[in-house]
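Notes follow the structure.
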Amino acid sequence: MISIAAWNVNSIRTRLPQCLAWLRRDRPDVVLLQETKVMDDGFPRLEFEDLGYNLALSGEKSYNGVAIFSKYPLEDVRRGLPGDDSDMQARYIEAVLSIPATKEQQARGGGVIRVASVYVPNGQTTDSDKYAYKLRFLTRLAAHARTLLAYDEPLVIGGDFNIAPADLDVHDPAAWEGSVLTHLEARAKLRTLLYSGLHDAYRILHPAGRQFSWWDYRGNGWARDDGLRIDHLLLSPQAADRLEACGMVRDMRGEEKASDHVPVLCQLAV
DNA sequence: ATGCCTAATGGAATTAGA
């Protein structure tokens, strides 16, 4: 069994104590991080390496920033999405996990899992340039996903998609009408990813579930459970076939100095 | 009530998040 989580930490330096406590408690094998908000030379590497993780980083000053932690060796690290050389925002990193496996398992492709950490732009408002960038980013992500899906291997693209796929994923759909997190164009782009052959791990196992992954700091959102499910683990068929469990690490939202997101965590049979 | 909170920057007020 291998456990893979995606988590928007909202600053790895500010969240360092909470992050270390969680890794010691739940011991996920792989963590896909977003919004690390620090350049690679300022990343607190040693604290995580001491826990046995290999790190792959793509950081940026102040904003964005993605990373992969893995108990397994990381190979073939790629940074950034193809399709726009002018896009300098650190929102995508990908790597291949080299997992010890028997020859029999390797014959079935069992020795390798490709993972990606993605931080889809928020978009701010539907009439802004940022929303146009969000939609273009999702188009590029879908194109790249099709490339990766053609490899016919276990693939997990996880992260903060800044999209609640359906009204079921929103505490109060009427209140969020017109938001960039629920807008029909963003939802259609996410569906393009799904139609291409990726599968929403949480939805596979919980068809009617209403676990959220984000609650606004403002307006006492957590206490009122006014949340959205915007963080996702998207699986290739080869990964989905091995899916054993998926859920949110909900208790982390109630801790002191919590991120506004909680990790979404899945278990895959190896 | 997207005015409500949190983080980074820089050393106050602004930008950004979602």
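Numbering starts fresh at 1 for the residues of each chain in the structure tokens, the chains themselves are lettered A, B, ... in the order given, and ligands are numbered from 1 as they appear.
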
Show me which bits of chain B are within 10 Å of chain A, counting only C-alpha atoms (C1' of nucleotides), as a PyMOL selection string.
chain B and resi 1-2+4-9+16-18

Could you please write out, as an mmCIF file with N, CA and C atoms, in the first residue's frame, every residue of region 11-71 of chain A that DSSP assigns to helix (DSSP H, G or I)?
data_model
loop_
_atom_site.group_PDB
_atom_site.id
_atom_site.type_symbol
_atom_site.label_atom_id
_atom_site.label_comp_id
_atom_site.auth_asym_id
_atom_site.auth_seq_id
_atom_site.Cartn_x
_atom_site.Cartn_y
_atom_site.Cartn_z
ATOM 1 N N LEU A 16 5.388 25.108 8.999
ATOM 2 C CA LEU A 16 6.364 24.058 9.273
ATOM 3 C C LEU A 16 6.004 23.177 10.481
ATOM 4 N N PRO A 17 5.635 23.746 11.643
ATOM 5 C CA PRO A 17 5.320 22.869 12.783
ATOM 6 C C PRO A 17 4.125 21.953 12.517
ATOM 7 N N GLN A 18 3.063 22.513 11.904
ATOM 8 C CA GLN A 18 1.875 21.702 11.611
ATOM 9 C C GLN A 18 2.191 20.610 10.588
ATOM 10 N N CYS A 19 3.022 20.969 9.612
ATOM 11 C CA CYS A 19 3.359 20.018 8.562
ATOM 12 C C CYS A 19 4.178 18.854 9.130
ATOM 13 N N LEU A 20 5.175 19.174 9.939
ATOM 14 C CA LEU A 20 6.009 18.128 10.529
ATOM 15 C C LEU A 20 5.187 17.227 11.449
ATOM 16 N N ALA A 21 4.294 17.833 12.242
ATOM 17 C CA ALA A 21 3.468 17.037 13.161
ATOM 18 C C ALA A 21 2.581 16.067 12.376
ATOM 19 N N TRP A 22 2.040 16.540 11.261
ATOM 20 C CA TRP A 22 1.178 15.669 10.449
ATOM 21 C C TRP A 22 1.985 14.532 9.812
ATOM 22 N N LEU A 23 3.154 14.843 9.292
ATOM 23 C CA LEU A 23 3.975 13.803 8.652
ATOM 24 C C LEU A 23 4.386 12.739 9.664
ATOM 25 N N ARG A 24 4.651 13.169 10.902
ATOM 26 C CA ARG A 24 5.024 12.202 11.942
ATOM 27 C C ARG A 24 3.834 11.351 12.355
ATOM 28 N N ARG A 25 2.658 11.944 12.336
ATOM 29 C CA ARG A 25 1.452 11.230 12.774
ATOM 30 C C ARG A 25 0.921 10.266 11.710
ATOM 31 N N ASP A 26 0.708 10.787 10.468
ATOM 32 C CA ASP A 26 0.044 9.986 9.424
ATOM 33 C C ASP A 26 1.027 9.303 8.480
ATOM 34 N N ASP A 40 13.481 28.121 -3.782
ATOM 35 C CA ASP A 40 14.037 26.816 -3.410
ATOM 36 C C ASP A 40 15.171 26.938 -2.391
ATOM 37 N N ASP A 41 15.968 28.018 -2.479
ATOM 38 C CA ASP A 41 17.099 28.137 -1.553
ATOM 39 C C ASP A 41 16.659 28.513 -0.137
ATOM 40 N N GLY A 42 15.380 28.876 0.026
ATOM 41 C CA GLY A 42 14.877 29.182 1.359
ATOM 42 C C GLY A 42 13.976 28.093 1.923
ATOM 43 N N ARG A 45 14.451 22.334 3.851
ATOM 44 C CA ARG A 45 14.670 20.970 3.347
ATOM 45 C C ARG A 45 15.004 19.974 4.450
ATOM 46 N N LEU A 46 15.946 20.375 5.327
ATOM 47 C CA LEU A 46 16.527 19.406 6.267
ATOM 48 C C LEU A 46 15.491 18.776 7.172
ATOM 49 N N GLU A 47 14.502 19.603 7.601
ATOM 50 C CA GLU A 47 13.482 19.088 8.514
ATOM 51 C C GLU A 47 12.723 17.924 7.893
ATOM 52 N N PHE A 48 12.507 17.997 6.578
ATOM 53 C CA PHE A 48 11.749 16.932 5.902
ATOM 54 C C PHE A 48 12.650 15.766 5.510
ATOM 55 N N GLU A 49 13.868 16.081 5.132
ATOM 56 C CA GLU A 49 14.818 15.005 4.800
ATOM 57 C C GLU A 49 15.103 14.152 6.038
#

For region 202-209 of chain A, work out the shell of residues within 8 Å, counting only C-alpha atoms (C1' of nucleotides) and skipping chain neighbours fewer than 2 positions away, then give it as an NGL selection string.
:A and (168 or 199-200 or 211 or 232-233 or 245-247)

Kindly export the residues of the current selection with C-alpha atoms, as an mmCIF file, in the first residue's frame.
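out.cif, freshly written:
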data_model
loop_
_atom_site.group_PDB
_atom_site.id
_atom_site.type_symbol
_atom_site.label_atom_id
_atom_site.label_comp_id
_atom_site.auth_asym_id
_atom_site.auth_seq_id
_atom_site.Cartn_x
_atom_site.Cartn_y
_atom_site.Cartn_z
ATOM 1 C CA LEU A 168 -22.508 18.775 -4.241
ATOM 2 C CA HIS A 199 -10.757 10.035 -12.408
ATOM 3 C CA ASP A 200 -11.613 11.999 -9.239
ATOM 4 C CA GLN A 211 -16.282 16.307 2.594
ATOM 5 C CA HIS A 232 -8.387 16.840 -5.826
ATOM 6 C CA LEU A 233 -6.441 13.696 -6.632
ATOM 7 C CA ALA A 245 -9.294 4.652 0.188
ATOM 8 C CA CYS A 246 -9.636 8.419 -0.147
ATOM 9 C CA GLY A 247 -10.655 11.221 2.202
#

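You will find CA of Val262 (chain A) at 22.6 Å from CA of Ala95 (chain A).
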